[in-house]
Structure formats: C-alpha cells, structure tokens
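Trainee: This is the content of work.txt (compact mmCIF, C-alpha atoms):
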# COMPACT_ATOMS: atom_id res chain seq x y z
CA MET A 1 164.18 19.85 72.99
CA SER A 2 165.42 19.26 69.46
CA TYR A 3 167.91 21.51 67.70
CA ALA A 4 165.12 22.84 65.43
CA ASP A 5 162.96 23.67 68.45
CA ARG A 6 165.85 25.50 70.12
CA VAL A 7 166.46 27.54 66.95
CA ASP A 8 162.75 28.38 66.74
CA ALA A 9 162.78 29.50 70.37
CA PHE A 10 165.74 31.83 69.81
CA PHE A 11 164.97 33.25 66.36
CA PRO A 12 161.62 34.55 65.06
CA ARG A 13 160.22 31.98 62.64
CA ARG A 14 160.22 33.25 59.04
CA PHE A 15 158.85 30.08 57.45
CA THR A 16 155.85 28.04 58.46
CA ARG A 17 156.20 24.41 59.48
CA SER A 18 153.74 23.28 56.86
CA GLU A 19 155.33 25.10 53.94
CA GLU A 20 158.96 26.11 54.40
CA THR A 21 159.06 27.99 51.09
CA GLU A 22 156.39 30.46 52.26
CA TYR A 23 158.15 33.71 53.19
CA THR A 24 156.37 35.73 55.89
CA GLY A 25 158.65 38.79 55.86
CA PRO A 26 158.92 41.54 53.22
CA ASP A 27 157.82 40.75 49.70
CA ARG A 28 160.50 38.96 47.69
CA THR A 29 160.41 41.71 45.06
CA ALA A 30 161.85 44.08 47.68
CA LEU A 31 165.17 42.22 47.48
CA VAL A 32 165.72 43.01 43.79
CA GLY A 33 167.20 46.44 44.47
CA ASP A 34 169.55 45.07 47.14
CA GLU A 35 171.56 42.82 44.85
CA VAL A 36 174.87 44.33 43.71
CA ARG A 37 176.37 42.75 40.60
CA ALA A 38 179.57 43.54 38.75
CA ASP A 39 177.45 45.18 36.05
CA SER A 40 175.12 47.04 38.46
CA ASP A 41 174.64 50.75 37.82
CA VAL A 42 176.06 52.01 41.13
CA PRO A 43 177.36 55.60 41.26
CA GLU A 44 180.93 56.20 42.39
CA LEU A 45 181.56 57.57 45.87
CA VAL A 46 181.73 61.36 46.02
CA PRO A 47 184.43 62.66 48.40
CA VAL A 48 182.96 65.56 50.39
CA VAL A 49 185.47 66.18 53.20
CA ARG A 50 189.22 65.91 52.62
CA ILE A 51 191.91 66.44 55.25
CA ASN A 52 195.42 67.18 54.06
CA GLY A 53 194.37 65.97 50.63
CA GLU A 54 192.93 62.60 51.69
CA THR A 55 189.24 61.62 51.73
CA PHE A 56 187.74 61.55 55.22
CA ALA A 57 184.00 61.63 54.50
CA VAL A 58 181.91 60.83 51.41
CA ARG A 59 178.37 61.56 50.35
CA GLY A 60 175.83 59.03 51.60
CA ASP A 61 177.87 57.87 54.58
CA ILE A 62 178.76 58.64 58.20
CA SER A 63 182.19 59.52 59.61
CA PHE A 64 183.46 60.24 63.12
CA ILE A 65 185.57 62.77 64.99
CA SER A 66 187.03 61.38 68.22
CA GLY A 67 188.96 63.01 71.03
CA LYS A 68 189.06 63.81 74.71
CA PRO A 69 187.37 66.87 76.26
CA LYS A 70 188.98 70.16 75.16
CA ALA A 71 191.07 68.35 72.54
CA GLY A 72 189.89 70.69 69.77
CA LYS A 73 187.02 68.70 68.25
CA SER A 74 184.81 71.80 68.00
CA ALA A 75 187.62 73.66 66.20
CA VAL A 76 187.75 70.88 63.59
CA SER A 77 183.95 71.10 63.21
CA VAL A 78 184.28 74.85 62.67
CA GLY A 79 186.93 74.28 59.99
CA MET A 80 184.70 71.78 58.18
CA ALA A 81 181.62 74.01 58.26
CA ALA A 82 183.57 77.10 57.16
CA SER A 83 185.20 75.24 54.26
CA ALA A 84 181.78 74.01 53.09
CA LEU A 85 180.56 77.62 52.97
CA LEU A 86 183.57 78.87 51.01
CA PRO A 87 184.12 78.54 47.24
CA LEU A 88 186.18 75.65 45.88
CA GLY A 89 189.90 76.39 45.98
CA HIS A 90 189.60 79.04 48.69
CA GLN A 91 192.76 80.24 50.46
CA GLU A 92 191.31 80.62 53.97
CA ASP A 93 192.87 78.65 56.83
CA THR A 94 190.44 75.83 57.63
CA LEU A 95 192.99 73.49 59.27
CA CYS A 96 193.92 71.73 56.01
CA ILE A 97 190.26 70.68 55.68
CA SER A 98 188.70 70.97 52.23
CA VAL A 99 184.94 70.44 51.80
CA LEU A 100 182.89 70.46 48.62
CA PRO A 101 181.01 73.79 48.50
CA ALA A 102 177.45 73.72 49.84
CA ASN A 103 176.28 76.04 47.02
CA GLY A 104 173.43 77.39 49.13
CA ARG A 105 172.37 74.05 50.62
CA PRO A 106 172.18 73.91 54.43
CA VAL A 107 175.21 73.19 56.61
CA ILE A 108 173.90 72.12 60.02
CA ILE A 109 175.73 71.82 63.34
CA VAL A 110 173.98 70.35 66.39
CA ASP A 111 175.59 70.91 69.80
CA THR A 112 174.18 68.56 72.43
CA GLU A 113 176.48 69.30 75.38
CA GLN A 114 177.89 72.84 75.60
CA PRO A 115 176.27 75.99 77.03
CA LYS A 116 174.69 78.25 74.41
CA ALA A 117 177.46 80.84 74.96
CA ASN A 118 180.02 78.29 73.72
CA THR A 119 177.81 77.28 70.81
CA LYS A 120 177.64 80.96 69.85
CA LYS A 121 181.46 80.95 69.67
CA THR A 122 181.15 78.23 67.03
CA SER A 123 178.91 80.47 64.89
CA THR A 124 181.17 83.48 65.51
CA SER A 125 184.36 81.59 64.59
CA ILE A 126 182.82 80.40 61.32
CA CYS A 127 181.82 83.97 60.45
CA ARG A 128 185.34 85.21 61.25
CA ILE A 129 186.89 82.63 58.91
CA LEU A 130 184.41 83.70 56.22
CA GLY A 131 185.25 87.36 56.87
CA LEU A 132 181.66 88.18 57.88
CA GLU A 133 180.22 90.30 60.65
CA PRO A 134 177.85 88.47 63.05
CA ALA A 135 174.91 90.34 61.52
CA ASN A 136 175.74 88.68 58.18
CA HIS A 137 175.54 85.12 59.52
CA PRO A 138 175.06 82.91 56.41
CA SER A 139 171.40 81.99 55.92
CA ASN A 140 172.29 78.37 55.08
CA LEU A 141 174.43 77.90 58.21
CA LYS A 142 172.18 76.42 60.90
CA VAL A 143 173.65 75.97 64.39
CA TYR A 144 171.45 74.44 67.12
CA ASN A 145 171.94 73.89 70.84
CA PHE A 146 170.00 71.02 72.48
CA ARG A 147 171.88 70.96 75.81
CA SER A 148 168.83 71.81 77.93
CA TYR A 149 166.75 68.78 76.86
CA LYS A 150 166.64 65.20 78.08
CA LYS A 151 168.29 62.63 75.85
CA GLU A 152 165.11 61.34 74.25
CA GLU A 153 164.04 64.92 73.53
CA LYS A 154 167.42 65.73 72.00
CA LEU A 155 167.12 62.77 69.64
CA LEU A 156 163.55 63.72 68.74
CA ARG A 157 164.68 67.23 67.81
CA VAL A 158 167.52 65.84 65.71
CA LYS A 159 164.99 63.67 63.86
CA ILE A 160 162.79 66.74 63.29
CA LEU A 161 165.80 68.54 61.77
CA PHE A 162 166.40 65.69 59.33
CA GLU A 163 162.78 65.88 58.20
CA THR A 164 162.85 69.68 58.01
CA TYR A 165 166.11 69.97 56.04
CA PRO A 166 166.28 66.88 53.77
CA ASP A 167 168.56 68.69 51.30
CA THR A 168 171.34 69.38 53.80
CA HIS A 169 174.87 69.29 52.38
CA LEU A 170 176.78 68.58 55.60
CA TRP A 171 175.67 67.51 59.10
CA ILE A 172 177.87 67.77 62.20
CA ILE A 173 176.38 66.21 65.36
CA ASP A 174 178.45 67.13 68.44
CA GLY A 175 178.12 64.78 70.40
CA LEU A 176 176.50 61.49 69.61
CA ALA A 177 176.62 59.99 73.14
CA ASP A 178 174.09 62.54 74.41
CA LEU A 179 171.39 61.04 72.18
CA ILE A 180 171.31 57.66 73.98
CA ASP A 181 171.11 56.55 77.61
CA ASP A 182 173.97 54.06 77.68
CA VAL A 183 177.08 54.19 75.49
CA ASN A 184 177.93 50.69 76.75
CA GLY A 185 174.61 49.24 75.63
CA ALA A 186 175.23 47.20 72.49
CA THR A 187 171.61 47.39 71.28
CA GLU A 188 171.16 51.10 71.85
CA SER A 189 174.57 51.97 70.40
CA GLY A 190 173.91 49.86 67.33
CA LYS A 191 170.50 51.42 66.78
CA ILE A 192 171.69 55.06 66.94
CA VAL A 193 174.63 54.46 64.57
CA ASP A 194 172.36 52.52 62.20
CA TRP A 195 169.80 55.33 62.26
CA PHE A 196 172.33 57.93 61.14
CA MET A 197 173.74 55.53 58.55
CA ILE A 198 170.24 55.05 57.13
CA GLN A 199 169.66 58.82 57.00
CA ALA A 200 172.96 59.38 55.20
CA THR A 201 171.95 56.83 52.56
CA ARG A 202 168.31 57.94 52.34
CA LEU A 203 169.12 61.63 51.93
CA ASN A 204 172.44 61.14 50.08
CA THR A 205 174.12 63.47 52.55
CA THR A 206 177.31 63.54 54.62
CA ILE A 207 177.05 63.12 58.39
CA ILE A 208 179.91 63.78 60.81
CA LEU A 209 179.39 62.46 64.35
CA VAL A 210 181.53 63.52 67.33
CA VAL A 211 182.33 60.94 70.04
CA HIS A 212 184.49 61.31 73.17
CA GLU A 213 187.36 58.95 73.90
CA ASN A 214 187.88 56.92 77.06
CA PRO A 215 190.19 58.49 79.68
CA GLY A 216 193.74 57.25 79.25
CA SER A 217 192.98 55.67 75.87
CA ASP A 218 192.47 56.68 72.25
CA LYS A 219 189.48 54.34 71.92
CA MET A 220 186.04 55.91 71.62
CA ARG A 221 183.65 55.35 74.49
CA GLY A 222 181.96 51.99 75.02
CA HIS A 223 179.98 49.97 72.50
CA LEU A 224 179.16 53.25 70.79
CA GLY A 225 182.84 53.68 69.93
CA SER A 226 183.06 50.09 68.73
CA GLU A 227 180.07 50.64 66.43
CA ALA A 228 181.66 53.84 65.13
CA GLU A 229 184.91 52.10 64.25
CA ARG A 230 183.08 49.23 62.54
CA LYS A 231 180.67 51.30 60.49
CA GLY A 232 182.24 54.72 59.98
CA GLY A 233 183.58 55.59 56.55
CA GLY A 234 186.28 57.59 58.30
CA VAL A 235 187.47 58.14 61.86
CA ILE A 236 189.88 60.89 62.88
CA ASN A 237 191.44 61.67 66.25
CA VAL A 238 191.83 65.20 67.60
CA ALA A 239 194.27 65.67 70.49
CA LYS A 240 195.94 68.44 72.48
CA ASN A 241 199.61 68.56 73.40
CA ARG A 242 199.53 70.56 76.63
CA GLU A 243 203.29 70.98 76.90
CA GLY A 244 203.61 72.42 73.41
CA ASN A 245 200.19 74.13 73.56
CA TYR A 246 199.11 72.86 70.16
CA HIS A 247 196.49 70.44 68.78
CA THR A 248 196.70 67.66 66.20
CA ILE A 249 194.41 65.90 63.73
CA ASN A 250 195.37 62.30 62.95
CA SER A 251 193.72 59.67 60.78
CA LYS A 252 192.60 56.53 62.63
CA ILE A 253 190.46 54.80 59.99
CA LEU A 254 190.06 55.96 56.40
CA ARG A 255 188.20 53.41 54.30
CA ASN A 256 188.45 55.35 51.05
CA ALA A 257 191.97 56.80 51.23
CA PRO A 258 195.44 56.32 52.74
CA ASP A 259 196.24 57.99 56.05
CA PHE A 260 197.00 61.70 55.83
CA GLU A 261 199.96 63.55 57.33
CA THR A 262 199.27 64.91 60.82
CA VAL A 263 197.75 68.40 60.93
CA TYR A 264 198.99 70.74 63.67
CA PHE A 265 196.89 73.69 64.80
CA SER A 266 196.59 76.21 67.63
CA TYR A 267 194.50 79.21 68.64
CA SER A 268 195.46 82.53 67.06
CA GLN A 269 194.94 85.47 69.42
CA GLY A 270 195.20 87.84 66.48
CA ARG A 271 192.65 86.13 64.23
CA ARG A 272 190.55 84.82 67.15
CA PHE A 273 190.06 81.33 65.75
CA PHE A 274 192.15 78.17 65.36
CA VAL A 275 194.72 78.09 62.54
CA THR A 276 197.32 75.63 61.29
CA ASP A 277 200.57 75.80 63.27
CA GLY A 278 203.81 75.41 61.33
CA ARG A 279 205.81 76.09 64.51
CA ALA A 280 204.38 73.00 66.18
CA ALA A 281 205.02 70.87 63.08
CA ALA A 282 208.67 72.00 63.02
CA LEU A 283 209.02 71.32 66.75
CA VAL A 284 207.69 67.79 66.40
CA CYS A 285 209.92 67.18 63.38
CA ALA A 286 212.97 68.32 65.35
CA GLU A 287 212.10 66.01 68.25
CA LYS A 288 211.42 63.01 66.04
CA ASP A 289 214.24 60.46 66.12
CA LYS A 290 216.21 62.75 68.46
CA ASP A 291 217.73 59.84 70.43
CA GLU A 292 218.86 58.10 67.25
CA ARG A 293 220.30 61.35 65.88
CA ASP A 294 222.26 62.08 69.06
CA LEU A 295 223.61 58.53 69.24
CA ALA A 296 224.72 58.60 65.60
CA ARG A 297 226.73 61.77 66.22
CA LEU A 298 228.41 60.17 69.23
CA CYS A 299 229.23 57.02 67.27
CA PHE A 300 230.86 59.04 64.48
CA PRO A 301 232.45 62.02 66.27
CA GLU A 302 234.71 62.85 63.32
CA GLY A 303 231.82 62.75 60.89
CA THR A 304 233.81 61.16 58.08
CA ASP A 305 234.94 57.94 59.81
CA SER A 306 233.44 54.53 59.09
CA LEU A 307 232.73 51.51 61.26
CA ARG A 308 232.16 47.82 60.63
CA HIS A 309 229.13 46.15 62.19
CA THR A 310 231.07 44.72 65.14
CA GLU A 311 232.85 48.02 65.80
CA LEU A 312 229.62 50.00 65.64
CA VAL A 313 227.73 47.66 67.97
CA LYS A 314 230.62 47.70 70.45
CA ARG A 315 230.68 51.49 70.41
CA ILE A 316 226.94 51.61 71.06
CA GLU A 317 227.34 49.16 73.96
CA ASN A 318 229.85 51.53 75.60
CA LEU A 319 227.94 54.73 74.85
CA ARG A 320 224.53 53.44 75.96
CA ASN A 321 225.78 51.00 78.60
CA VAL A 322 223.71 48.19 77.09
CA LYS A 323 224.34 44.61 76.04
CA GLU A 324 224.95 43.44 72.47
CA THR A 325 221.29 42.63 71.66
CA ALA A 326 220.07 46.07 72.70
CA ALA A 327 223.00 47.73 70.90
CA SER A 328 222.09 45.90 67.67
CA LYS A 329 218.52 47.23 67.99
CA TRP A 330 219.84 50.77 68.36
CA LYS A 331 221.91 50.27 65.21
CA LYS A 332 218.83 49.10 63.30
CA ARG A 333 216.83 52.10 64.51
CA MET A 334 219.55 54.54 63.40
CA LEU A 335 219.65 52.83 60.03
CA ALA A 336 215.85 52.80 59.65
CA CYS A 337 215.46 56.52 60.32
CA GLY A 338 218.36 57.46 58.04
CA MET A 339 220.84 58.67 60.67
CA ILE A 340 223.49 56.23 59.43
CA VAL A 341 224.03 54.64 56.03
CA LYS A 342 225.33 51.18 55.13
CA ARG A 343 227.81 51.06 52.24
CA GLU A 344 227.20 47.79 50.41
CA VAL A 345 230.57 47.62 48.66
CA GLU A 346 232.70 48.42 51.72
CA GLN A 347 230.27 46.58 54.05
CA ASP A 348 230.58 49.29 56.70
CA TYR A 349 228.52 52.14 58.17
CA ILE A 350 228.96 55.89 57.90
CA LEU A 351 227.14 58.94 59.21
CA SER A 352 224.35 60.28 56.99
CA GLU A 353 225.28 63.20 54.76
CA SER A 354 222.88 65.57 56.52
CA LEU A 355 224.49 64.88 59.91
CA MET A 356 227.96 65.21 58.41
CA LEU A 357 227.08 68.74 57.34
CA ASP A 358 226.04 69.54 60.91
CA LEU A 359 229.54 68.61 62.13
CA LEU A 360 231.40 70.82 59.64
CA PRO A 361 233.05 73.92 61.14
CA SER A 362 231.21 77.20 60.79
CA PRO A 363 232.13 79.39 57.78
CA GLY A 364 232.97 82.10 60.30
CA PHE A 365 236.56 80.79 60.59
CA GLN A 366 237.30 82.33 57.16
CA ALA A 367 236.19 85.81 58.15
CA ASP A 368 239.77 87.19 58.25
CA LEU A 369 240.53 86.22 54.64
CA PRO A 370 240.78 89.09 52.14
CA LEU A 371 237.54 89.34 50.21
CA HIS A 372 239.40 89.57 46.89
CA THR A 373 241.47 86.40 47.45
CA PRO A 374 239.93 83.23 46.01
CA PHE A 375 239.96 80.41 48.53
CA THR A 376 239.75 76.73 47.64
CA MET A 377 240.85 73.62 49.41
CA SER A 378 241.12 70.07 48.18
CA ILE A 379 240.43 67.26 50.62
CA THR A 380 243.54 65.44 49.28
CA SER A 381 245.86 68.47 49.48
CA PRO A 382 248.46 68.77 52.25
CA ARG A 383 247.12 70.58 55.33
CA GLY A 384 246.93 74.29 54.68
CA ALA A 385 247.72 74.05 50.93
CA VAL A 386 245.77 76.46 48.71
Could the structure of this file be written out as structure tokens, please?
Mentor:
Amino acid sequence: MSYADRVDAFFPRRFTRSEETEYTGPDRTALVGDEVRADSDVPELVPVVRINGETFAVRGDISFISGKPKAGKSAVSVGMAASALLPLGHQEDTLCISVLPANGRPVIIVDTEQPKANTKKTSTSICRILGLEPANHPSNLKVYNFRSYKKEEKLLRVKILFETYPDTHLWIIDGLADLIDDVNGATESGKIVDWFMIQATRLNTTIILVVHENPGSDKMRGHLGSEAERKGGGVINVAKNREGNYHTINSKILRNAPDFETVYFSYSQGRRFFVTDGRAAALVCAEKDKDERDLARLCFPEGTDSLRHTELVKRIENLRNVKETAASKWKKRMLACGMIVKREVEQDYILSESLMLDLLPSPGFQADLPLHTPFTMSITSPRGAV
C-alpha cells in the first residue's frame, strides 16, 4: 500500500482523486470569518471574575475550579454567584472574589452530585451574603440539582438550560465529570470541554466548570483534567488545611493575568457562611521560612556580629550537623528569604534588621527609671554612661 493510500485509509478524503482542488467540506466562504489579521476588528477580552484583583475568567470563555472532595469548591462557587448579584464595589465578604454585576441577567448554578439538601445550602448561603431572607431569593439566581438523573440525562438537561437561558451572565457547573461516562476517555473528555467552549463563544457568556482532583495529587482527574488545563482560560485550586481548619484558593493557570496571592477562608459560625480568614493568613506567614529564621538567629546569637562566608558556613555545619555543600545551601536559603544580608563593601554577612530587633531586650528593663528623667544612650558611650 502506498503512502497516499495509507493516508486515505486513515483520514477522511476531502479532495477527489480526479480534481484535488475540489473541496467537499464546508463552503470556502465560511472560512472568511475565521481569519484573524493584525487589523481585524476583534473586541478586547472582558474580565468577568477576578480573584484577589487578578483576572480568573473572561466573557466568552471557560474556566475551571479544581480541588478534592470537601476542599471548599462549593464555597468558592457561592462567593462567585453572590458577587455577581451584588453591585460593583460592594463591601460584602465574597472570598476576595469580584464579579461584574449581572444587572438582572441570570446567574445559574448546576449541581450534578450533591443531595438537594446540600444544594439548598448553596442557595441559602448566597441569600445570607446578600442579606436576604429565603423568601426573597433573587429571581435571576437559578440553582438546579440534577443528581437523580443518569449522566446522559444530566447533560441533556444542561443543554436545555443553555437554550432556555441564552442571556445568562454567569454559569457554574458543579461538577463536569458527572456529564460524561469516562473521565479517562480522550474523545469523550475532549467533546464535553469543546461543547462548553463553543457555548461560551456562541452566547458570549462566562462558564465556570468544577472538576475533582486525583487522590494524592493536585492534577485534575483523567483526560478531562488534561483537557481543562489545555483549554481553560483560568484554573484555580481550592484546598483544605485540616490541621489549621482553613481553606485556600490558589491560582494554577491564569492565561490573562499573573498569579494572585493565596486567599485564605474558613466557615464563620456567626455569619453561617464562609468568609476570608486573616488568622490563617497570619499563621501561614509566621510558619513560612521558619527553619531559615531559626537558623539565622542561632548563627548570629549576639544580633550585631558579622561573619565571613567561610565562618558562616562552618557555623551552619556545626549547628545543623551537615557537610559543607548542604551548609552552603542553607546559607543561600537564608539569604534568599531575607533572614541574613550580605554587605558588599565588607564582604561579610549580618543578621537582617527585622531579626535584630527581635533580639533586643524588652523595654521593661527601664521600668524603674523616674518618669521625669530623660534617658538616652549612645552605642559608642562607655557602658552605663548617660
């Protein structure tokens, strides 16, 4: 079999043997609108969902929320929907999520996996953030539960929704995997992601799709996750820290913005919905670079002393019981995170100013001084001179 015959056997033939210029697919005129030139009249992207100030989702595209079960993905969906229903510049706590106002257009959430009682909590939490009683559920907030249907029926009902509400401002589909039979099937995964991508473009709307992650990994499940990472305009990860009892939102892929700073949130018993958690952020900040901070204090116990490279590395070797190569790496890490500072003129290393302040004696030692007596001390004065 010739190469041409093998190609014909594998690919559908678009041109006849007798006349290779005869196109048998769509009319050539259909391609005119697909060409994008430097002078083409293409509208700019419209950011719709921002997280901590950075663009996560735009109009006319799909984006993804990933995370393990009970990570807090539904809480993030609630924050997005609530923000879309609030006026621009609102002061409500929506987990550092800012969404362009819907202005009366529908905001639709589809729950494919939870019991209806849990889906009701989604509606209730949104109303609480908006300051509304359940009886005043916003008319343009549509929350659906398709848990009780087979997968093909779930997808059919989602398609009906897209035909019924073509003017929807924001879609949140939680979760995407329940609309197909096999998340590891490349063809099926590609088709479902493509279908939502086509709808986002066709209706000029914003679609957020929720996908679970693999156990023990931050990668989304199967070929479906691979398709999501390839084609999503944005992908965020939601996770739970069980020891600290808080949740986080992190950027994984943002095609239209730089990564945003991590958002920390937890459930508020008083407000009865999830809110941003400054306590958790402070805790994480305190733990960050803790080993480097502790080592720097041990290396410079007096606070004001200085060490040459060789002296510092030798001290680290003794303190950490490591060899020279590992000690040099510790020195670089302390330098990179700002725990020590290199003085270029003296060519030595000193403790950072912030850690020096931590080593200063407490002001309490002056408590017995008369309040009316001015007290000053010069570093160069003899000990005790005033």
Trainee: Tell me which of A:Ala281, A:Arg255, A:Glu92, A:Leu298 sits closest to A:Val235, counting all atoms listed in the file.
Mentor: A:Arg255
Trainee: If I take atom CA of A:Glu54 and atom CA of A:Val42, how far is one from the other in Å, to one decimal?
Mentor: 22.5 Å
Trainee: Hey, what's within 7 Å of A:Thr248 if we count only C-alpha atoms and toss same-chain stuff fewer than 2 positions away? As a PyMOL selection string, please?
Mentor: chain A and resi 238-240+246+250+262-265
Trainee: Show me, as a compact mmCIF listing (two decimals) with C-alpha atoms, in the coordinates of the input, the residues that have an atom within 12 Å of stretch 283-293 of chain A when counting all atoms listed in the file, minus same-chain residues fewer than 4 positions from it.
Mentor:
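Okay, result21.txt is ready:
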# COMPACT_ATOMS: atom_id res chain seq x y z
CA ASN A 241 199.61 68.56 73.40
CA GLU A 243 203.29 70.98 76.90
CA GLY A 244 203.61 72.42 73.41
CA ASN A 245 200.19 74.13 73.56
CA TYR A 246 199.11 72.86 70.16
CA HIS A 247 196.49 70.44 68.78
CA THR A 248 196.70 67.66 66.20
CA THR A 262 199.27 64.91 60.82
CA VAL A 263 197.75 68.40 60.93
CA TYR A 264 198.99 70.74 63.67
CA ASP A 277 200.57 75.80 63.27
CA GLY A 278 203.81 75.41 61.33
CA ARG A 279 205.81 76.09 64.51
CA ARG A 297 226.73 61.77 66.22
CA LEU A 298 228.41 60.17 69.23
CA CYS A 299 229.23 57.02 67.27
CA PHE A 300 230.86 59.04 64.48
CA ILE A 316 226.94 51.61 71.06
CA ARG A 320 224.53 53.44 75.96
CA ALA A 327 223.00 47.73 70.90
CA LYS A 329 218.52 47.23 67.99
CA TRP A 330 219.84 50.77 68.36
CA LYS A 331 221.91 50.27 65.21
CA LYS A 332 218.83 49.10 63.30
CA ARG A 333 216.83 52.10 64.51
CA MET A 334 219.55 54.54 63.40
CA LEU A 335 219.65 52.83 60.03
CA ALA A 336 215.85 52.80 59.65
CA CYS A 337 215.46 56.52 60.32
CA GLY A 338 218.36 57.46 58.04
CA MET A 339 220.84 58.67 60.67
CA ILE A 340 223.49 56.23 59.43
CA LEU A 351 227.14 58.94 59.21
CA SER A 352 224.35 60.28 56.99
CA SER A 354 222.88 65.57 56.52
CA LEU A 355 224.49 64.88 59.91
CA MET A 356 227.96 65.21 58.41
CA ASP A 358 226.04 69.54 60.91
Trainee: Would you mind reading off the distance between atom CA of A:Arg50 and atom CA of A:Ala81, one decimal, in Å?
Mentor: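 These atoms are spaced 12.5 Å apart.
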Trainee: So, with only C-alpha atoms as the atoms that count, which of A:Thr112, A:Ser266, A:Ser226, A:Thr94 lies closest to A:Lys150?
Mentor: A:Thr112
Trainee: For the point (182.0, 76.4, 57.2) in the file's frame, write as number ranges by chain all residues with an atom no more than 10 Å away, counting all atoms listed in the file.
Mentor: A: 77-86, 94, 98-99, 101-102, 107-109, 123, 125-127, 129-130, 138, 141, 170
Trainee: Of the candidates A:Asp41, A:Tyr349, A:Arg202, A:Glu261, which one gets nearest to A:Ile249 if we count only C-alpha atoms?
Mentor: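 Distance minimum relative to A:Ile249 lands on A:Glu261.
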Trainee: Fewer than 6 positions away in the same chain doesn't count, so skip those; otherwise give me all residues within 9 Å of A:Arg308, counting only C-alpha atoms, as a PDB file with C-alpha atoms, in the frame of the given file.
Mentor:
ATOM      1  CA  GLU A 346     232.700  48.420  51.720  1.00  0.00           C
ATOM      2  CA  GLN A 347     230.270  46.580  54.050  1.00  0.00           C
ATOM      3  CA  ASP A 348     230.580  49.290  56.700  1.00  0.00           C
ATOM      4  CA  TYR A 349     228.520  52.140  58.170  1.00  0.00           C
TER       5      TYR A 349
END
Trainee: Considering all atoms listed in the file, can you say which of A:Leu295, A:Ile173, A:Val143, A:Ala57 comes closest to A:Ser251?
Mentor: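 Between A:Leu295, A:Ile173, A:Val143, A:Ala57, the residue approaching A:Ser251 most closely is A:Ala57.
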Trainee: Which is closest to A:Gly232 among A:Asp181, A:Glu353, A:Asp167, A:Asp194, if we use all atoms listed in the file?
Mentor: A:Asp194
Trainee: A:Leu95, A:Val345, A:Ile65, A:Val32: which is nearest A:Gly53, counting all atoms listed in the file?
Mentor: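 The answer is A:Leu95, which sits nearest to A:Gly53.
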Trainee: Please, what distance in Å, to one decimal, runs between atom CA of A:Lys142 and atom CA of A:Pro106?
Mentor: 6.9 Å
Trainee: Draw an axis-aligned box over all listed atoms of stretch 74-90 of chain A, pad each side with 8 Å, and write its centre and edge lengths in Å, one decimal, as lines of an AutoDock Vina configuration file.
Mentor:
center_x = 185.2
center_y = 75.0
center_z = 56.9
size_x = 25.3
size_y = 24.2
size_z = 38.1
Trainee: Do a neighbour search on stretch 218-220 of chain A at 10 Å with only C-alpha atoms, toss out local chain neighbours closer than 5 positions, and write the hits as a short mmCIF file (atom, residue, chain, number, x, y, z; two decimals) with C-alpha atoms, in the frame of the given file.
Mentor:
data_model
loop_
_atom_site.label_atom_id
_atom_site.label_comp_id
_atom_site.auth_asym_id
_atom_site.auth_seq_id
_atom_site.Cartn_x
_atom_site.Cartn_y
_atom_site.Cartn_z
CA PHE A 64 183.46 60.24 63.12
CA ILE A 65 185.57 62.77 64.99
CA SER A 66 187.03 61.38 68.22
CA GLY A 67 188.96 63.01 71.03
CA LYS A 68 189.06 63.81 74.71
CA VAL A 183 177.08 54.19 75.49
CA VAL A 210 181.53 63.52 67.33
CA VAL A 211 182.33 60.94 70.04
CA HIS A 212 184.49 61.31 73.17
CA GLU A 213 187.36 58.95 73.90
CA GLY A 225 182.84 53.68 69.93
CA SER A 226 183.06 50.09 68.73
CA GLU A 227 180.07 50.64 66.43
CA ALA A 228 181.66 53.84 65.13
CA GLU A 229 184.91 52.10 64.25
CA ASN A 237 191.44 61.67 66.25
CA VAL A 238 191.83 65.20 67.60
CA ALA A 239 194.27 65.67 70.49
CA LYS A 252 192.60 56.53 62.63
#
